[in-house]
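Peer 1: Pasting structure14.pdb here (PDB, C-alpha atoms, pLDDT in the B column):
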ATOM      1  CA  MET A  26      16.678 -29.857  -3.648  1.00 84.00           C
ATOM      2  CA  SER A  27      17.443 -28.975  -7.225  1.00 90.00           C
ATOM      3  CA  LYS A  28      17.281 -25.580  -8.927  1.00 88.00           C
ATOM      4  CA  VAL A  29      16.796 -24.851 -12.598  1.00 87.00           C
ATOM      5  CA  THR A  30      17.267 -21.615 -14.507  1.00 85.00           C
ATOM      6  CA  TRP A  31      13.806 -20.190 -14.989  1.00 79.00           C
ATOM      7  CA  LYS A  32      12.546 -17.231 -16.990  1.00 80.00           C
ATOM      8  CA  GLY A  33      13.739 -13.940 -15.552  1.00 71.00           C
ATOM      9  CA  GLY A  34      11.553 -11.297 -14.023  1.00 77.00           C
ATOM     10  CA  THR A  35      10.521  -9.609 -10.836  1.00 79.00           C
ATOM     11  CA  MET A  36       9.860 -12.602  -8.620  1.00 82.00           C
ATOM     12  CA  ILE A  37      10.227 -10.948  -5.215  1.00 87.00           C
ATOM     13  CA  ASN A  38       7.010 -12.176  -3.630  1.00 89.00           C
ATOM     14  CA  PRO A  39       4.778 -11.792  -1.710  1.00 92.00           C
ATOM     15  CA  LEU A  40       4.158  -8.072  -1.758  1.00 94.00           C
ATOM     16  CA  PRO A  41       1.489  -5.991  -0.064  1.00 95.00           C
ATOM     17  CA  ALA A  42      -1.598  -5.387  -2.187  1.00 96.00           C
ATOM     18  CA  LEU A  43      -2.132  -1.688  -1.524  1.00 97.00           C
ATOM     19  CA  LEU A  44      -4.555   0.919  -2.749  1.00 98.00           C
ATOM     20  CA  ALA A  45      -2.752   4.160  -3.521  1.00 98.00           C
ATOM     21  CA  THR A  46      -5.092   7.140  -3.483  1.00 98.00           C
ATOM     22  CA  CYS A  47      -4.387  10.381  -5.290  1.00 98.00           C
ATOM     23  CA  GLY A  48      -5.926  13.633  -6.501  1.00 97.00           C
ATOM     24  CA  ALA A  49      -6.356  17.030  -4.869  1.00 97.00           C
ATOM     25  CA  SER A  50     -10.152  17.353  -4.644  1.00 97.00           C
ATOM     26  CA  PRO A  51     -13.144  15.031  -4.180  1.00 96.00           C
ATOM     27  CA  GLN A  52     -13.961  15.440  -7.885  1.00 96.00           C
ATOM     28  CA  GLU A  53     -10.468  14.250  -8.804  1.00 96.00           C
ATOM     29  CA  TRP A  54      -9.829  11.606  -6.097  1.00 98.00           C
ATOM     30  CA  ASN A  55      -8.861   8.237  -7.517  1.00 97.00           C
ATOM     31  CA  MET A  56      -7.344   4.965  -6.373  1.00 98.00           C
ATOM     32  CA  ILE A  57      -5.033   2.436  -7.998  1.00 97.00           C
ATOM     33  CA  THR A  58      -3.977  -1.016  -6.876  1.00 97.00           C
ATOM     34  CA  VAL A  59      -0.223  -1.148  -6.308  1.00 97.00           C
ATOM     35  CA  ALA A  60       2.015  -4.077  -5.433  1.00 94.00           C
ATOM     36  CA  TRP A  61       5.329  -2.578  -6.585  1.00 95.00           C
ATOM     37  CA  THR A  62       5.954  -0.783  -3.301  1.00 96.00           C
ATOM     38  CA  GLY A  63       8.181  -0.837  -0.266  1.00 96.00           C
ATOM     39  CA  THR A  64      10.070   0.910   2.489  1.00 96.00           C
ATOM     40  CA  VAL A  65      13.355   2.578   1.528  1.00 96.00           C
ATOM     41  CA  CYS A  66      14.432   4.512   4.622  1.00 96.00           C
ATOM     42  CA  THR A  67      13.650   4.805   8.338  1.00 96.00           C
ATOM     43  CA  ASN A  68      14.983   8.279   9.076  1.00 97.00           C
ATOM     44  CA  PRO A  69      13.437  10.157   7.386  1.00 97.00           C
ATOM     45  CA  PRO A  70      10.668   7.626   6.844  1.00 98.00           C
ATOM     46  CA  MET A  71      10.400   7.013   3.102  1.00 98.00           C
ATOM     47  CA  CYS A  72       8.692   4.590   0.756  1.00 98.00           C
ATOM     48  CA  TYR A  73       8.042   4.191  -2.943  1.00 98.00           C
ATOM     49  CA  ILE A  74       5.475   3.038  -5.451  1.00 98.00           C
ATOM     50  CA  SER A  75       6.052   2.197  -9.101  1.00 98.00           C
ATOM     51  CA  VAL A  76       3.255   3.001 -11.561  1.00 98.00           C
ATOM     52  CA  ARG A  77       2.980   2.624 -15.335  1.00 97.00           C
ATOM     53  CA  PRO A  78       2.947   6.061 -17.043  1.00 97.00           C
ATOM     54  CA  GLU A  79      -0.210   5.232 -19.017  1.00 97.00           C
ATOM     55  CA  ARG A  80      -2.269   4.788 -15.839  1.00 96.00           C
ATOM     56  CA  HIS A  81      -4.714   7.586 -14.954  1.00 95.00           C
ATOM     57  CA  SER A  82      -3.365   7.759 -11.388  1.00 97.00           C
ATOM     58  CA  HIS A  83       0.194   8.299 -12.650  1.00 97.00           C
ATOM     59  CA  ALA A  84      -0.750  11.705 -14.069  1.00 97.00           C
ATOM     60  CA  LEU A  85      -2.541  12.687 -10.841  1.00 98.00           C
ATOM     61  CA  ILE A  86       0.403  11.671  -8.655  1.00 98.00           C
ATOM     62  CA  GLU A  87       2.875  13.484 -10.876  1.00 98.00           C
ATOM     63  CA  LYS A  88       0.679  16.598 -11.033  1.00 98.00           C
ATOM     64  CA  HIS A  89       0.250  16.922  -7.245  1.00 98.00           C
ATOM     65  CA  MET A  90       3.422  15.095  -6.120  1.00 98.00           C
ATOM     66  CA  GLU A  91       1.621  13.256  -3.325  1.00 98.00           C
ATOM     67  CA  PHE A  92      -0.329  10.075  -2.674  1.00 98.00           C
ATOM     68  CA  THR A  93      -1.625   7.986   0.216  1.00 98.00           C
ATOM     69  CA  LEU A  94      -0.855   4.291   0.645  1.00 98.00           C
ATOM     70  CA  ASN A  95      -3.747   2.325   2.130  1.00 98.00           C
ATOM     71  CA  LEU A  96      -3.120  -1.179   3.431  1.00 97.00           C
ATOM     72  CA  THR A  97      -5.840  -3.599   2.422  1.00 97.00           C
ATOM     73  CA  THR A  98      -7.544  -6.559   4.036  1.00 96.00           C
ATOM     74  CA  GLU A  99      -8.968  -9.876   2.900  1.00 96.00           C
ATOM     75  CA  SER A 100     -12.471  -8.384   3.071  1.00 96.00           C
ATOM     76  CA  MET A 101     -11.366  -5.697   0.590  1.00 97.00           C
ATOM     77  CA  ALA A 102      -9.969  -8.179  -1.994  1.00 97.00           C
ATOM     78  CA  THR A 103     -12.718  -7.721  -4.600  1.00 97.00           C
ATOM     79  CA  ALA A 104     -12.451  -3.917  -4.410  1.00 97.00           C
ATOM     80  CA  VAL A 105      -8.643  -4.092  -4.577  1.00 97.00           C
ATOM     81  CA  ASP A 106      -8.704  -6.251  -7.683  1.00 96.00           C
ATOM     82  CA  TRP A 107     -11.425  -4.175  -9.398  1.00 96.00           C
ATOM     83  CA  ALA A 108      -9.585  -0.915  -8.721  1.00 96.00           C
ATOM     84  CA  GLY A 109      -6.495  -2.388 -10.355  1.00 94.00           C
ATOM     85  CA  VAL A 110      -8.123  -3.538 -13.591  1.00 94.00           C
ATOM     86  CA  ARG A 111     -10.405  -0.563 -14.279  1.00 92.00           C
ATOM     87  CA  SER A 112      -9.425   3.024 -15.012  1.00 91.00           C
ATOM     88  CA  GLY A 113     -10.515   6.047 -13.018  1.00 89.00           C
ATOM     89  CA  LYS A 114     -10.847   7.847 -16.384  1.00 92.00           C
ATOM     90  CA  ASP A 115     -13.827   5.630 -17.170  1.00 93.00           C
ATOM     91  CA  HIS A 116     -15.259   4.718 -13.751  1.00 94.00           C
ATOM     92  CA  ASP A 117     -15.991   6.246 -10.363  1.00 95.00           C
ATOM     93  CA  LYS A 118     -14.002   3.697  -8.393  1.00 96.00           C
ATOM     94  CA  TRP A 119     -15.394   4.938  -5.062  1.00 97.00           C
ATOM     95  CA  LYS A 120     -18.957   4.331  -6.159  1.00 97.00           C
ATOM     96  CA  VAL A 121     -18.283   0.939  -7.731  1.00 96.00           C
ATOM     97  CA  THR A 122     -16.089  -0.487  -4.917  1.00 97.00           C
ATOM     98  CA  GLY A 123     -18.136   1.010  -2.081  1.00 97.00           C
ATOM     99  CA  LEU A 124     -14.950   2.196  -0.359  1.00 98.00           C
ATOM    100  CA  THR A 125     -15.113   5.458   1.596  1.00 98.00           C
ATOM    101  CA  PRO A 126     -12.690   8.351   0.982  1.00 98.00           C
ATOM    102  CA  LEU A 127     -11.790  10.605   3.901  1.00 98.00           C
ATOM    103  CA  PRO A 128      -9.777  13.827   3.545  1.00 98.00           C
ATOM    104  CA  GLY A 129      -6.056  13.526   4.188  1.00 97.00           C
ATOM    105  CA  GLU A 130      -4.492  15.398   7.099  1.00 97.00           C
ATOM    106  CA  MET A 131      -1.135  16.341   5.553  1.00 98.00           C
ATOM    107  CA  VAL A 132      -1.894  15.789   1.848  1.00 98.00           C
ATOM    108  CA  LYS A 133      -4.855  16.509  -0.401  1.00 98.00           C
ATOM    109  CA  SER A 134      -5.230  12.891  -1.504  1.00 98.00           C
ATOM    110  CA  PRO A 135      -7.750  10.913   0.548  1.00 98.00           C
ATOM    111  CA  VAL A 136      -7.330   7.999   2.919  1.00 98.00           C
ATOM    112  CA  ILE A 137      -9.629   4.982   2.680  1.00 98.00           C
ATOM    113  CA  ASP A 138     -11.803   4.620   5.763  1.00 98.00           C
ATOM    114  CA  GLU A 139     -11.923   0.817   5.474  1.00 98.00           C
ATOM    115  CA  SER A 140      -8.117   0.549   5.437  1.00 98.00           C
ATOM    116  CA  PRO A 141      -6.505  -0.452   8.746  1.00 97.00           C
ATOM    117  CA  LEU A 142      -3.542   1.841   8.066  1.00 97.00           C
ATOM    118  CA  SER A 143      -3.080   4.790   5.708  1.00 98.00           C
ATOM    119  CA  ILE A 144       0.274   6.431   4.982  1.00 98.00           C
ATOM    120  CA  GLU A 145       0.225   9.976   3.603  1.00 98.00           C
ATOM    121  CA  CYS A 146       3.239  10.686   1.384  1.00 98.00           C
ATOM    122  CA  ARG A 147       4.866  13.569  -0.479  1.00 98.00           C
ATOM    123  CA  VAL A 148       6.865  12.675  -3.597  1.00 98.00           C
ATOM    124  CA  LYS A 149      10.525  13.728  -3.437  1.00 98.00           C
ATOM    125  CA  GLU A 150      11.694  12.242  -6.717  1.00 98.00           C
ATOM    126  CA  VAL A 151      10.286  10.574  -9.829  1.00 98.00           C
ATOM    127  CA  ARG A 152      12.567   8.022 -11.491  1.00 98.00           C
ATOM    128  CA  ARG A 153      11.809   6.891 -15.035  1.00 98.00           C
ATOM    129  CA  LEU A 154      12.752   3.201 -14.986  1.00 97.00           C
ATOM    130  CA  GLY A 155      11.223   1.679 -18.119  1.00 95.00           C
ATOM    131  CA  SER A 156       7.765   0.106 -17.948  1.00 96.00           C
ATOM    132  CA  HIS A 157       7.159   1.889 -14.616  1.00 97.00           C
ATOM    133  CA  ASP A 158       8.070   5.201 -13.012  1.00 98.00           C
ATOM    134  CA  MET A 159       9.076   5.059  -9.366  1.00 98.00           C
ATOM    135  CA  PHE A 160       7.682   7.718  -7.041  1.00 98.00           C
ATOM    136  CA  LEU A 161      10.090   8.017  -4.111  1.00 98.00           C
ATOM    137  CA  ALA A 162       8.248   9.678  -1.247  1.00 98.00           C
ATOM    138  CA  GLU A 163       8.598  10.913   2.306  1.00 98.00           C
ATOM    139  CA  VAL A 164       6.038   9.716   4.848  1.00 98.00           C
ATOM    140  CA  LEU A 165       4.250  12.728   6.342  1.00 98.00           C
ATOM    141  CA  CYS A 166       1.487  11.109   8.392  1.00 97.00           C
ATOM    142  CA  VAL A 167       0.312   7.638   9.402  1.00 97.00           C
ATOM    143  CA  ARG A 168      -3.363   7.140  10.220  1.00 97.00           C
ATOM    144  CA  ALA A 169      -4.270   3.959  12.066  1.00 96.00           C
ATOM    145  CA  ASP A 170      -7.633   2.335  12.705  1.00 96.00           C
ATOM    146  CA  GLU A 171      -8.060   2.619  16.477  1.00 95.00           C
ATOM    147  CA  ARG A 172      -9.651  -0.851  16.636  1.00 94.00           C
ATOM    148  CA  PHE A 173      -6.173  -2.320  16.232  1.00 93.00           C
ATOM    149  CA  ILE A 174      -4.439  -0.215  18.900  1.00 93.00           C
ATOM    150  CA  ASP A 175      -4.032  -1.985  22.238  1.00 92.00           C
ATOM    151  CA  ALA A 176      -5.430   0.384  24.898  1.00 92.00           C
ATOM    152  CA  GLU A 177      -2.995  -0.851  27.563  1.00 93.00           C
ATOM    153  CA  THR A 178       0.283  -1.017  25.629  1.00 93.00           C
ATOM    154  CA  GLY A 179      -0.374   1.365  22.727  1.00 90.00           C
ATOM    155  CA  ARG A 180       0.888  -1.379  20.373  1.00 91.00           C
ATOM    156  CA  PHE A 181      -0.629  -1.436  16.901  1.00 89.00           C
ATOM    157  CA  ASN A 182      -1.834  -5.009  16.313  1.00 89.00           C
ATOM    158  CA  LEU A 183      -1.810  -4.951  12.534  1.00 87.00           C
ATOM    159  CA  GLU A 184      -1.723  -8.757  12.382  1.00 87.00           C
ATOM    160  CA  GLU A 185      -5.361  -8.759  13.537  1.00 90.00           C
ATOM    161  CA  ALA A 186      -6.485  -6.782  10.469  1.00 93.00           C
ATOM    162  CA  GLY A 187      -6.420  -9.726   8.026  1.00 93.00           C
ATOM    163  CA  LEU A 188      -3.971  -8.072   5.621  1.00 95.00           C
ATOM    164  CA  LEU A 189      -3.999  -8.864   1.918  1.00 95.00           C
ATOM    165  CA  ALA A 190      -0.847  -9.838   0.000  1.00 95.00           C
ATOM    166  CA  TYR A 191      -0.098 -10.303  -3.700  1.00 95.00           C
ATOM    167  CA  SER A 192       2.103 -13.114  -5.002  1.00 92.00           C
ATOM    168  CA  HIS A 193       2.709 -14.021  -8.633  1.00 87.00           C
ATOM    169  CA  GLY A 194      -0.719 -12.918  -9.876  1.00 89.00           C
ATOM    170  CA  GLN A 195      -2.694 -14.177  -6.864  1.00 93.00           C
ATOM    171  CA  TYR A 196      -4.134 -12.501  -3.761  1.00 94.00           C
ATOM    172  CA  HIS A 197      -3.505 -14.182  -0.398  1.00 93.00           C
ATOM    173  CA  GLY A 198      -4.258 -13.649   3.254  1.00 93.00           C
ATOM    174  CA  LEU A 199      -1.358 -13.812   5.668  1.00 88.00           C
ATOM    175  CA  THR A 200      -0.871 -16.874   7.821  1.00 78.00           C
ATOM    176  CA  PRO A 201      -0.633 -16.640  11.612  1.00 80.00           C
ATOM    177  CA  SER A 202       2.628 -15.223  12.931  1.00 80.00           C
ATOM    178  CA  LEU A 203       5.581 -17.592  13.105  1.00 82.00           C
ATOM    179  CA  GLY A 204       7.560 -15.360  15.462  1.00 83.00           C
ATOM    180  CA  HIS A 205       8.521 -11.767  16.149  1.00 82.00           C
ATOM    181  CA  PHE A 206      11.667  -9.881  15.154  1.00 84.00           C
ATOM    182  CA  GLY A 207      14.560 -11.351  17.130  1.00 87.00           C
ATOM    183  CA  PHE A 208      12.677 -14.475  18.317  1.00 84.00           C
ATOM    184  CA  SER A 209      15.466 -16.752  17.041  1.00 85.00           C
ATOM    185  CA  VAL A 210      18.042 -15.255  19.410  1.00 88.00           C
ATOM    186  CA  ARG A 211      15.873 -14.381  22.374  1.00 82.00           C
ATOM    187  CA  LYS A 212      17.036 -15.888  25.647  1.00 77.00           C
ATOM    188  CA  LYS A 213      14.695 -18.426  27.132  1.00 75.00           C
ATOM    189  CA  SER A 214      13.329 -17.511  30.530  1.00 69.00           C
ATOM    190  CA  ARG A 215      14.066 -19.836  33.423  1.00 66.00           C
ATOM    191  CA  LYS A 216      11.157 -21.209  35.355  1.00 61.00           C
TER     192      LYS A 216
END
So that I can check it, write out the structure of this file as structure tokens.
Peer 2:
Amino acid sequence: MSKVTWKGGTMINPLPALLATCGASPQEWNMITVAWTGTVCTNPPMCYISVRPERHSHALIEKHMEFTLNLTTESMATAVDWAGVRSGKDHDKWKVTGLTPLPGEMVKSPVIDESPLSIECRVKEVRRLGSHDMFLAEVLCVRADERFIDAETGRFNLEEAGLLAYSHGQYHGLTPSLGHFGFSVRKKSRK
């Protein structure tokens, strides 16, 4: 294998292709496609999104200091892409994408009914980074689609949802699981 020096940039891929929802009332509710996102802490549970200041959703998130992260699926790919290239200033993204907003439980921003998992967040800090501002947020509530909860074990089978990922300008589905956390060191059972 040989490596060459290649143009610099943010090449940490793949990332989740999420829809962040924001706004405090049905008249204001909006969504934005976000891939610059991640987990930052377990206790308290915290995550972040980075959004360009010129985006319509940026002003809504900063005004209300909350948002909801909605995981997306392969069947939502067209809506996810459309919501990321059109502005909520000019379009009713709910009407055009056909996605369904539901009121949040702990925040005023909506969750997306079609999303397998929605994470309601309250912004704790806004960091001005350059091209993007990072909204560092505490997770207040997680809402899961009951279709993916195993009735016997209570396990959330998110891998069955057909999650959507973003990598270097392309959307991808996730491949079947290659193993679970710790599988490489798990002791083999004797038969």
Peer 1: Is it possible to get the axis-aligned box enclosing range 104-112 of chain A (all listed atoms, 8 Å extra per side) as lines of an AutoDock Vina configuration file, with centre and edge lengths in Å rounded to one decimal?
Peer 2:
center_x = -9.5
center_y = -1.6
center_z = -9.7
size_x = 22.0
size_y = 25.3
size_z = 26.6
Peer 1: For range 90-92 of chain A, find every residue with an atom within 7 Å (counting all atoms listed in the file), except residues of its own chain fewer than 4 positions away, and show them as a count of residues only.
Peer 2: 10
Peer 1: Expand the PyMOL selection byres ((chain A and resi 127) around 7) into the explicit residue set it covers here, and present it as a list of chain:residue names.
Peer 2: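 That selection, the PyMOL selection byres ((chain A and resi 127) around 7), comes back as A:Thr125, A:Pro126, A:Pro128, A:Gly129, A:Pro135, A:Val136, A:Ile137, A:Asp138.
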Peer 1: What's the separation between CA of Ile144 in chain A and CA of Ala162 in chain A, in Å to one decimal place?
Peer 2: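 Separation between CA of Ile144 in chain A and CA of Ala162 in chain A: 10.6 Å.
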Peer 1: Can you tell me how far CA of Leu199 in chain A sits from CA of Leu43 in chain A, in Å to one decimal?
Peer 2: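 So the two atoms, CA of Leu199 in chain A and CA of Leu43 in chain A, lie 14.1 Å apart.
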Peer 1: Which value, in Å to one decimal, gives the distance between CA of Ala186 in chain A and CA of Ser82 in chain A?
Peer 2: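 Spanning CA of Ala186 in chain A to CA of Ser82 in chain A is a straight-line distance of 26.4 Å.
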Peer 1: Give as a ChimeraX atom specification the residues that the PyMOL selection byres ((chain A and resi 168) around 8) matches when applied to the coordinates above.
Peer 2: /A:142-144,166-167,169-170
Peer 1: Between A:Ser140, A:Ser100, A:Asn68, A:Asn55, which residue has the minimum interatomic distance to Trp119 in chain A, considering all atoms listed in the file?
Peer 2: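 Ranked by minimum distance to Trp119 in chain A, first place goes to A:Asn55.
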Peer 1: Between A:Ala49, A:Cys72, A:Val59, A:Ala42, which has the minimum distance to Leu161 in chain A (counting only C-alpha atoms)?
Peer 2: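 Of A:Ala49, A:Cys72, A:Val59, A:Ala42, the one nearest Leu161 in chain A is A:Cys72, counting only C-alpha atoms.
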Peer 1: To verify the selection step, state as a list in words which residues the PyMOL selection byres ((chain A and resi 62) around 8) yields on this input.
Peer 2: Leu40, Pro41, Val59, Ala60, Trp61, Gly63, Thr64, Cys72, Tyr73, Ile74 and Ser75 of chain A
Peer 1: Take the point (15.3, 8.7, -4.6) as written in the file and pick out every residue within 9 Å of it, counting all atoms listed in the file; give the list as an NGL selection string.
Peer 2: :A and (65 or 73 or 149-152 or 159-162)
Peer 1: Can those selected residues be exported to a file as an mmCIF file, in the frame of the given file so that it contains C-alpha atoms?
Peer 2:
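File part_6.cif, as written:
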data_model
loop_
_atom_site.group_PDB
_atom_site.id
_atom_site.type_symbol
_atom_site.label_atom_id
_atom_site.label_comp_id
_atom_site.auth_asym_id
_atom_site.auth_seq_id
_atom_site.Cartn_x
_atom_site.Cartn_y
_atom_site.Cartn_z
ATOM 1 C CA VAL A 65 13.355 2.578 1.528
ATOM 2 C CA TYR A 73 8.042 4.191 -2.943
ATOM 3 C CA LYS A 149 10.525 13.728 -3.437
ATOM 4 C CA GLU A 150 11.694 12.242 -6.717
ATOM 5 C CA VAL A 151 10.286 10.574 -9.829
ATOM 6 C CA ARG A 152 12.567 8.022 -11.491
ATOM 7 C CA MET A 159 9.076 5.059 -9.366
ATOM 8 C CA PHE A 160 7.682 7.718 -7.041
ATOM 9 C CA LEU A 161 10.090 8.017 -4.111
ATOM 10 C CA ALA A 162 8.248 9.678 -1.247
#
Peer 1: Which of these residues is nearest to Leu203 in chain A, using only C-alpha atoms: A:Cys66, A:Ala190, A:Arg80, A:Glu184?
Peer 2: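 Answer, going by the shortest atom-to-atom distance: A:Glu184.
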Peer 1: Would you kindly identify which residues have an atom no farther than 10 Å from (0.3, -7.3, 8.3), using all atoms listed in the file and the file's own coordinates, and write them out as a ChimeraX atom specification?
Peer 2: /A:41,96-98,141-142,182-190,198-202
Peer 1: Smallest atom-to-atom distance to Ser112 in chain A: which of A:Lys212, A:Arg172, A:Gly34, A:Glu79, using only C-alpha atoms?
Peer 2: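 Residue with the minimum atom-to-atom distance to Ser112 in chain A: A:Glu79.
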Peer 1: Restricting the calculation to all atoms listed in the file, which member of A:Met26, A:Met56, A:Val110, A:Leu154 is positioned closest to Arg77 in chain A?
Peer 2: A:Leu154
Peer 1: Determine, counting all atoms listed in the file, which protein, DNA and RNA residues have an atom within 7 Å of an atom of Ala108 in chain A; residues of the same chain fewer than 6 positions away are not included. Present the result as a PyMOL selection string.
Peer 2: chain A and resi 56-58+118
